[in-house]
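One file, input_8.txt, carrying compact mmCIF, C-alpha atoms:
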```
# COMPACT_ATOMS: atom_id res chain seq x y z
CA MET L 25 -29.87 50.97 -49.12
CA VAL L 26 -28.74 50.60 -45.49
CA GLU L 27 -29.97 53.58 -43.51
CA SER L 28 -27.77 55.44 -41.02
CA PRO L 29 -28.41 54.38 -37.41
CA GLU L 30 -30.26 56.81 -35.18
CA PRO L 31 -28.23 58.96 -32.77
CA THR L 32 -28.37 58.05 -29.09
CA ARG L 33 -28.98 60.77 -26.51
CA VAL L 34 -26.94 60.47 -23.32
CA ALA L 35 -26.88 62.40 -20.05
CA VAL L 36 -24.05 63.26 -17.66
CA VAL L 37 -25.05 64.27 -14.14
CA GLN L 38 -22.97 66.85 -12.26
CA ALA L 39 -24.20 66.87 -8.67
CA ALA L 40 -23.21 66.37 -5.05
CA PRO L 41 -24.25 63.46 -2.88
CA ILE L 42 -25.83 63.80 0.54
CA ILE L 43 -22.39 63.36 1.97
CA PHE L 44 -21.83 60.17 4.02
CA ASP L 45 -25.53 59.20 3.73
CA ARG L 46 -25.97 56.27 1.35
CA ASP L 47 -29.74 56.03 1.37
CA ALA L 48 -30.39 59.77 1.05
CA THR L 49 -27.86 59.95 -1.80
CA ILE L 50 -29.61 57.13 -3.65
CA ASP L 51 -32.88 59.03 -3.17
CA LYS L 52 -31.27 62.10 -4.74
CA ALA L 53 -29.86 60.00 -7.58
CA ALA L 54 -33.32 58.56 -8.22
CA GLY L 55 -34.73 62.05 -8.75
CA LEU L 56 -31.91 63.01 -11.11
CA ILE L 57 -32.30 59.78 -13.10
CA ALA L 58 -36.02 60.40 -13.45
CA GLU L 59 -35.27 63.94 -14.66
CA ALA L 60 -32.81 62.69 -17.27
CA ALA L 61 -34.89 59.71 -18.38
CA GLY L 62 -37.28 61.71 -20.52
CA ARG L 63 -34.37 62.94 -22.65
CA ALA L 64 -31.65 60.29 -22.53
CA ARG L 65 -31.10 56.55 -22.84
CA LEU L 66 -27.84 56.39 -20.84
CA VAL L 67 -27.12 58.30 -17.61
CA LEU L 68 -23.66 58.67 -16.03
CA PHE L 69 -22.94 59.84 -12.47
CA PRO L 70 -19.56 60.94 -11.02
CA GLU L 71 -16.88 58.98 -9.24
CA ALA L 72 -17.73 57.92 -5.66
CA PHE L 73 -21.18 59.50 -5.82
CA VAL L 74 -22.59 57.11 -3.20
CA PRO L 75 -21.95 58.03 -0.41
CA ALA L 76 -19.14 60.55 -1.10
CA TYR L 77 -15.72 61.35 -2.45
CA PRO L 78 -14.18 62.37 0.93
CA ARG L 79 -12.41 65.42 -0.43
CA GLY L 80 -10.46 67.41 2.15
CA LEU L 81 -10.60 64.80 4.94
CA SER L 82 -7.49 63.23 6.45
CA PHE L 83 -9.20 60.54 8.56
CA GLY L 84 -6.74 61.44 11.32
CA VAL L 85 -3.76 60.00 9.46
CA VAL L 86 -0.18 61.17 9.50
CA VAL L 87 2.78 58.95 8.71
CA GLY L 88 3.16 56.56 11.64
CA SER L 89 -0.15 57.12 13.43
CA ARG L 90 -3.95 57.08 13.15
CA SER L 91 -6.33 58.85 15.51
CA ASP L 92 -9.35 57.34 17.25
CA GLU L 93 -11.55 60.05 15.74
CA GLY L 94 -10.25 59.19 12.28
CA ARG L 95 -11.11 55.52 12.83
CA LYS L 96 -14.65 56.51 13.83
CA LEU L 97 -15.01 58.65 10.70
CA PHE L 98 -13.81 55.75 8.54
CA ALA L 99 -16.33 53.48 10.27
CA ARG L 100 -19.09 55.93 9.34
CA TYR L 101 -17.87 55.98 5.72
CA HIS L 102 -17.71 52.18 5.75
CA ARG L 103 -21.23 51.87 7.19
CA ASN L 104 -22.65 54.00 4.36
CA ALA L 105 -20.77 52.20 1.59
CA VAL L 106 -22.49 49.85 -0.86
CA GLU L 107 -22.24 46.07 -0.85
CA VAL L 108 -22.61 44.47 -4.28
CA PRO L 109 -25.23 43.04 -4.52
CA SER L 110 -27.41 44.43 -1.74
CA ALA L 111 -30.63 46.29 -1.06
CA ALA L 112 -28.85 49.45 -2.23
CA THR L 113 -27.99 47.98 -5.64
CA ASP L 114 -31.50 46.54 -5.87
CA ARG L 115 -32.85 50.07 -5.38
CA LEU L 116 -30.57 51.51 -8.04
CA GLY L 117 -31.59 48.75 -10.42
CA ALA L 118 -35.26 49.45 -9.75
CA VAL L 119 -34.71 53.15 -10.46
CA ALA L 120 -32.98 52.32 -13.77
CA ARG L 121 -35.84 49.99 -14.69
CA GLU L 122 -38.53 52.55 -13.84
CA ALA L 123 -36.69 55.16 -15.92
CA GLY L 124 -35.88 52.72 -18.73
CA VAL L 125 -32.25 53.86 -18.92
CA TRP L 126 -28.77 52.38 -18.97
CA LEU L 127 -27.16 53.64 -15.75
CA ALA L 128 -23.52 53.95 -14.68
CA ILE L 129 -22.92 55.33 -11.19
CA GLY L 130 -19.85 55.70 -9.00
CA VAL L 131 -20.10 54.14 -5.54
CA ILE L 132 -17.84 53.27 -2.67
CA GLU L 133 -18.10 49.50 -2.53
CA ARG L 134 -17.76 47.60 0.74
CA ASP L 135 -16.29 44.12 0.56
CA PRO L 136 -18.56 41.88 2.65
CA LEU L 137 -15.65 39.56 3.52
CA GLY L 138 -13.51 42.23 5.16
CA GLY L 139 -13.10 45.90 5.89
CA THR L 140 -11.78 47.05 2.52
CA LEU L 141 -13.54 49.73 0.50
CA TYR L 142 -13.22 50.11 -3.27
CA CYS L 143 -13.97 53.01 -5.59
CA THR L 144 -16.32 51.30 -8.04
CA LEU L 145 -18.37 52.06 -11.13
CA LEU L 146 -21.62 50.07 -11.30
CA TYR L 147 -23.48 49.37 -14.55
CA PHE L 148 -27.24 48.70 -14.77
CA GLY L 149 -29.37 47.83 -17.77
CA PRO L 150 -32.78 49.38 -18.53
CA ASP L 151 -34.37 46.18 -17.22
CA GLY L 152 -32.82 46.92 -13.83
CA ALA L 153 -30.22 44.16 -14.02
CA LEU L 154 -26.83 44.81 -12.45
CA LEU L 155 -24.63 44.17 -15.49
CA GLY L 156 -21.30 44.37 -13.73
CA LYS L 157 -18.77 46.65 -12.10
CA HIS L 158 -15.32 48.16 -12.44
CA ARG L 159 -13.12 48.65 -9.39
CA LYS L 160 -10.55 51.42 -9.63
CA LEU L 161 -7.21 49.76 -10.25
CA LYS L 162 -5.06 52.30 -8.43
CA PRO L 163 -6.31 54.86 -5.92
CA THR L 164 -4.35 58.09 -6.21
CA ALA L 165 -2.16 59.47 -3.40
CA ALA L 166 -4.18 59.86 -0.16
CA GLU L 167 -7.09 57.88 -1.66
CA ARG L 168 -4.95 54.84 -0.81
CA LEU L 169 -5.62 55.51 2.89
CA VAL L 170 -9.30 54.59 2.47
CA TRP L 171 -9.65 52.52 -0.74
CA GLY L 172 -8.19 49.22 -1.88
CA GLU L 173 -6.98 48.32 -5.38
CA GLY L 174 -9.07 46.62 -8.03
CA ASP L 175 -7.82 43.91 -10.39
CA GLY L 176 -8.14 42.85 -14.01
CA SER L 177 -11.33 40.90 -13.42
CA THR L 178 -13.40 44.10 -13.46
CA LEU L 179 -12.47 45.75 -16.75
CA PRO L 180 -15.73 45.19 -18.62
CA VAL L 181 -16.91 46.59 -21.91
CA PHE L 182 -20.60 45.87 -22.44
CA ARG L 183 -22.16 45.31 -25.86
CA THR L 184 -25.42 47.30 -25.81
CA PRO L 185 -27.84 48.61 -28.44
CA LEU L 186 -26.22 52.02 -27.84
CA GLY L 187 -22.72 50.74 -28.63
CA ARG L 188 -19.94 49.14 -26.61
CA VAL L 189 -19.83 50.83 -23.20
CA GLY L 190 -16.96 50.77 -20.69
CA GLY L 191 -14.81 53.12 -18.68
CA LEU L 192 -12.12 54.00 -16.18
CA ILE L 193 -12.25 56.15 -13.05
CA CYS L 194 -10.41 59.47 -12.70
CA TRP L 195 -6.60 59.15 -12.78
CA GLU L 196 -6.75 55.54 -13.99
CA ASN L 197 -7.23 57.33 -17.28
CA TYR L 198 -3.55 58.29 -17.12
CA MET L 199 -2.61 54.58 -17.21
CA PRO L 200 -1.85 53.88 -20.91
CA LEU L 201 -2.28 50.12 -20.60
CA ALA L 202 -5.59 50.44 -18.78
CA ARG L 203 -6.89 52.56 -21.66
CA THR L 204 -5.48 50.03 -24.11
CA ALA L 205 -7.41 47.26 -22.35
CA LEU L 206 -10.66 49.09 -23.13
CA TYR L 207 -9.65 49.93 -26.69
CA THR L 208 -8.86 46.27 -27.42
CA LYS L 209 -12.42 45.41 -26.31
CA GLY L 210 -13.80 47.87 -28.85
CA VAL L 211 -15.11 50.54 -26.47
CA GLU L 212 -17.24 53.12 -28.31
CA ILE L 213 -18.85 55.02 -25.41
CA TYR L 214 -16.04 55.60 -22.93
CA LEU L 215 -17.12 56.64 -19.41
CA ALA L 216 -14.71 58.72 -17.33
CA PRO L 217 -16.26 59.60 -13.95
CA THR L 218 -13.82 61.71 -11.99
CA ALA L 219 -13.07 64.00 -9.07
CA ASP L 220 -10.64 66.15 -11.08
CA ALA L 221 -11.81 69.69 -11.85
CA ARG L 222 -8.51 71.03 -13.19
CA ASP L 223 -8.24 72.58 -16.63
CA ALA L 224 -5.73 69.83 -17.47
CA TRP L 225 -8.45 67.20 -17.07
CA GLN L 226 -10.14 68.58 -20.16
CA SER L 227 -6.96 67.89 -22.11
CA THR L 228 -7.02 64.33 -20.78
CA ILE L 229 -10.53 63.53 -21.94
CA GLN L 230 -9.89 65.17 -25.32
CA HIS L 231 -6.81 63.00 -25.72
CA ILE L 232 -8.78 59.84 -24.86
CA ALA L 233 -11.47 60.70 -27.41
CA LEU L 234 -8.82 61.22 -30.10
CA GLU L 235 -6.68 58.25 -29.11
CA GLY L 236 -9.56 55.78 -28.71
CA ARG L 237 -11.70 57.31 -31.48
CA CYS L 238 -14.62 56.97 -29.10
CA PHE L 239 -17.23 59.15 -27.47
CA VAL L 240 -16.13 60.23 -23.98
CA LEU L 241 -18.55 61.04 -21.15
CA ALA L 242 -16.85 62.69 -18.16
CA ALA L 243 -18.84 63.29 -14.95
CA ASN L 244 -17.63 65.24 -11.93
CA GLN L 245 -19.27 66.39 -8.72
CA TYR L 246 -20.01 69.99 -7.84
CA ILE L 247 -19.17 70.30 -4.13
CA THR L 248 -19.08 73.17 -1.66
CA LYS L 249 -17.83 73.08 1.91
CA GLY L 250 -21.30 73.89 3.20
CA MET L 251 -22.58 70.55 1.85
CA TYR L 252 -20.61 68.59 4.46
CA PRO L 253 -22.44 67.46 7.62
CA ARG L 254 -21.44 69.38 10.71
CA ASP L 255 -21.24 66.31 12.97
CA LEU L 256 -18.09 64.79 11.44
CA GLY L 257 -16.02 65.54 14.55
CA PRO L 258 -13.47 68.22 15.48
CA GLU L 259 -10.58 66.75 13.48
CA ALA L 260 -12.60 66.56 10.28
CA LEU L 261 -14.04 70.03 10.74
CA THR L 262 -10.50 71.35 11.26
CA ASP L 263 -9.51 69.67 7.98
CA LEU L 264 -12.40 71.40 6.22
CA GLU L 265 -11.52 74.83 7.63
CA GLN L 266 -8.47 74.79 5.38
CA ALA L 267 -10.52 74.05 2.24
CA PRO L 268 -11.97 76.66 -0.14
CA GLU L 269 -15.74 77.12 -0.11
CA GLU L 270 -16.03 75.68 -3.64
CA MET L 271 -14.24 72.37 -3.23
CA SER L 272 -14.98 70.94 -6.68
CA ARG L 273 -16.15 73.21 -9.49
CA GLY L 274 -17.23 70.39 -11.81
CA GLY L 275 -16.15 70.27 -15.44
CA SER L 276 -18.45 67.51 -16.70
CA ALA L 277 -18.40 67.15 -20.49
CA ILE L 278 -19.31 64.98 -23.47
CA LEU L 279 -16.87 64.68 -26.38
CA SER L 280 -16.98 63.33 -29.92
CA PRO L 281 -14.53 60.74 -31.32
CA LEU L 282 -12.59 63.66 -32.80
CA GLY L 283 -12.21 65.34 -29.41
CA GLU L 284 -14.83 68.02 -30.04
CA TYR L 285 -17.19 69.14 -27.26
CA LEU L 286 -20.76 68.00 -27.75
CA ALA L 287 -21.75 69.36 -24.31
CA GLY L 288 -19.98 71.14 -21.48
CA PRO L 289 -17.72 71.58 -19.76
CA LEU L 290 -20.13 72.61 -17.01
CA TYR L 291 -18.64 74.60 -14.12
CA GLY L 292 -19.88 76.29 -10.98
CA ARG L 293 -23.18 74.49 -10.38
CA GLU L 294 -25.05 71.23 -10.30
CA GLY L 295 -26.76 70.25 -13.54
CA ILE L 296 -27.32 67.64 -16.22
CA ILE L 297 -25.78 67.92 -19.67
CA TYR L 298 -27.02 66.06 -22.74
CA ALA L 299 -25.69 65.17 -26.17
CA ASP L 300 -26.69 63.09 -29.17
CA LEU L 301 -24.10 60.45 -30.14
CA ASP L 302 -24.10 59.74 -33.87
CA PRO L 303 -22.83 56.17 -34.52
CA ASP L 304 -21.59 57.23 -37.95
CA ALA L 305 -19.15 59.58 -36.21
CA LEU L 306 -17.26 56.52 -34.96
CA ALA L 307 -16.64 55.18 -38.45
CA GLY L 308 -15.79 58.65 -39.72
CA ALA L 309 -13.23 59.18 -36.96
CA ARG L 310 -11.64 55.76 -37.51
CA PHE L 311 -11.19 56.41 -41.22
CA ASP L 312 -7.71 57.77 -40.60
CA PHE L 313 -6.90 56.35 -37.15
CA ASP L 314 -8.06 53.11 -35.54
CA PRO L 315 -6.04 52.20 -32.42
CA ILE L 316 -6.79 48.48 -32.65
CA GLY L 317 -7.22 48.19 -36.42
CA HIS L 318 -5.25 49.68 -39.28
CA TYR L 319 -3.18 51.90 -36.96
CA ALA L 320 -2.14 49.01 -34.70
CA ARG L 321 1.18 47.17 -35.12
CA PRO L 322 0.74 43.68 -33.65
CA ASP L 323 3.96 42.68 -35.40
CA VAL L 324 5.79 45.10 -33.12
CA PHE L 325 3.70 45.25 -29.93
CA SER L 326 1.97 42.58 -27.84
CA PHE L 327 -0.53 43.13 -25.07
CA SER L 328 -2.24 40.97 -22.47
CA VAL L 329 -4.41 41.51 -19.37
CA ASP L 330 -4.62 39.17 -16.37
CA GLU L 331 -8.40 39.06 -15.89
CA ARG L 332 -8.34 36.61 -12.98
CA ALA L 333 -9.94 37.80 -9.74
CA GLN L 334 -7.34 38.32 -7.01
CA ARG L 335 -7.90 38.07 -3.27
CA GLY L 336 -5.69 40.16 -1.02
```

Could you render the structure from this file as structure tokens?
Amino acid sequence: MVESPEPTRVAVVQAAPIIFDRDATIDKAAGLIAEAAGRARLVLFPEAFVPAYPRGLSFGVVVGSRSDEGRKLFARYHRNAVEVPSAATDRLGAVAREAGVWLAIGVIERDPLGGTLYCTLLYFGPDGALLGKHRKLKPTAAERLVWGEGDGSTLPVFRTPLGRVGGLICWENYMPLARTALYTKGVEIYLAPTADARDAWQSTIQHIALEGRCFVLAANQYITKGMYPRDLGPEALTDLEQAPEEMSRGGSAILSPLGEYLAGPLYGREGIIYADLDPDALAGARFDFDPIGHYARPDVFSFSVDERAQRG
């Protein structure tokens, strides 16, 4: 008789970075990874965790003009971003290796060939190897002021002993064809790091779990205005005066392939949530709906992804 596979325990971290400080944020991440490692085999961090999701900041931009102070703030953001590979990714890999965990963490990636920043999800194996990355395909609204667009060359799904792992970042998850790209690669543990704390986001991740018949791990930051450094400059501080004290309330969660909550949503504080993922739940959920199997209609629909790397 073939025995049922053992469940896999996973962890989703809801925390704030040390805003605009790459190295201090990686130090904080290291402590959180070590905390989770005794209980989980995979650890997910939020979107743009290193060095920050710049919520509430305008970078001195209005239509038709940019301010000198805004340029200086962008330069600070750029300076604290993460090149891939670099000493910063080496450190994250070493932390994953010491903890013996699979690690996925949101960073702001700096292109070494130019000035462009990307919102990126990095993947590390428990041996510390940098497995790959996903660059956000489409920054949303004002995010386009500070981040470039990814392409189809960074839409990985990794085959691991835990299952097939892949993901999309925040509002990319509203792109039906981007989700389809992951489904066609057989994603089983779907990572959805985000900056969205709305109630409607919970409906989104439930829909993805049901549509993809996959586990969904959603990680968000918990951010208050008091966490921002006070030396950002007068324009930035004026921006922040208009923001509420609790700027992101969280909402991190882990869902089953039938859209049921296994952990969370967590609101109002930093924390780590855990859940056991039962591989048999995948087969059970796909009994009556399999988006790329018996519920697909390749005779009616065709789908392709341009996975070539694009420059500019």

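The nearest approach to Phe311 (chain L) among the residues L:Asp47, L:Arg63, L:Leu282, L:Ile57, with only C-alpha atoms taken into account, belongs to L:Leu282.
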
Computed interatomic separation between CA of Lys157 (chain L) and CA of Ser177 (chain L) (Å):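 So the two atoms, CA of Lys157 (chain L) and CA of Ser177 (chain L), lie 9.5 Å apart.
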
Which residues of region 147-235 of chain L come within 7 Å of region 239-242 of chain L, and for each one, what is the closest pair of atoms and their distance in Å to one decimal, counting all atoms listed in the file, sorted by chain and residue number, as a Markdown table?
```
| residue | atom | partner | partner_atom | distance |
| --- | --- | --- | --- | --- |
| L:Glu212 | CA | L:Phe239 | CA | 6.1 |
| L:Ile213 | CA | L:Phe239 | CA | 4.9 |
| L:Tyr214 | CA | L:Val240 | CA | 4.7 |
| L:Leu215 | CA | L:Leu241 | CA | 4.9 |
| L:Ala216 | CA | L:Ala242 | CA | 4.6 |
| L:Pro217 | CA | L:Ala242 | CA | 5.3 |
| L:Thr218 | CA | L:Ala242 | CA | 6.9 |
| L:Ile229 | CA | L:Val240 | CA | 6.8 |
| L:Ala233 | CA | L:Val240 | CA | 5.8 |
```

Please save C-alpha atoms of the selected residues as a compact mmCIF listing (two decimals), in the coordinates of the input.
```
# COMPACT_ATOMS: atom_id res chain seq x y z
CA GLU L 212 -17.24 53.12 -28.31
CA ILE L 213 -18.85 55.02 -25.41
CA TYR L 214 -16.04 55.60 -22.93
CA LEU L 215 -17.12 56.64 -19.41
CA ALA L 216 -14.71 58.72 -17.33
CA PRO L 217 -16.26 59.60 -13.95
CA THR L 218 -13.82 61.71 -11.99
CA ILE L 229 -10.53 63.53 -21.94
CA ALA L 233 -11.47 60.70 -27.41
```

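Across L:Arg46, L:Arg33, L:Arg121, L:Lys162, the tightest approach to Glu133 (chain L) is made by L:Arg46 when counting only C-alpha atoms.
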
From L:Glu265, L:Glu259, L:Pro315, L:Ala165, residue lying nearest Ile232 (chain L) [only C-alpha atoms]: L:Pro315

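Among the candidates L:Phe182, L:Tyr319, L:Tyr252, L:Tyr291, the residue lying nearest to Gly80 (chain L) is L:Tyr252 (atoms considered: all atoms listed in the file).
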
Nearest to Gly236 (chain L) by atom-to-atom distance, counting only C-alpha atoms, from L:Arg273, L:Arg321, L:Arg159, L:Arg203: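 With only C-alpha atoms as the atom set, the closest residue is L:Arg203.
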
Protein/DNA/RNA residues near (-16.2, 56.1, -5.4), cut 8 Å, only C-alpha atoms, as a VMD selection string: chain L and resid 71 to 77 130 to 133 142 to 145

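Here CA of Tyr285 (chain L) and CA of Ala205 (chain L) stand 24.5 Å from one another.
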
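If you measure from each of L:Glu269, L:Asp45, L:Asp302, L:Asp151 to Ala112 (chain L) using all atoms listed in the file, the closest one turns out to be L:Asp45.
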
Atomic separation - CA of Gly139 (chain L) relative to CA of Gly176 (chain L), Å: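 Going from CA of Gly176 (chain L) over to CA of Gly139 (chain L), I get 20.7 Å.
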
May I have the residues within 6 Å of Arg134 (chain L) as a PDB file with C-alpha atoms, in the frame of the given file, using only C-alpha atoms and disregarding those fewer than 4 positions away in the same chain?
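For reference, selection.pdb as written:
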```pdb
ATOM      1  CA  ALA L 105     -20.770  52.200   1.590  1.00  0.00           C
ATOM      2  CA  VAL L 106     -22.490  49.850  -0.860  1.00  0.00           C
ATOM      3  CA  GLU L 107     -22.240  46.070  -0.850  1.00  0.00           C
ATOM      4  CA  LEU L 141     -13.540  49.730   0.500  1.00  0.00           C
TER       5      LEU L 141
END
```

Shell of 9 Å around Asp175 (chain L), only C-alpha atoms, local chain residues under 2 positions omitted, as a ChimeraX atom specification: /L:158-161,173,177-179,330-334
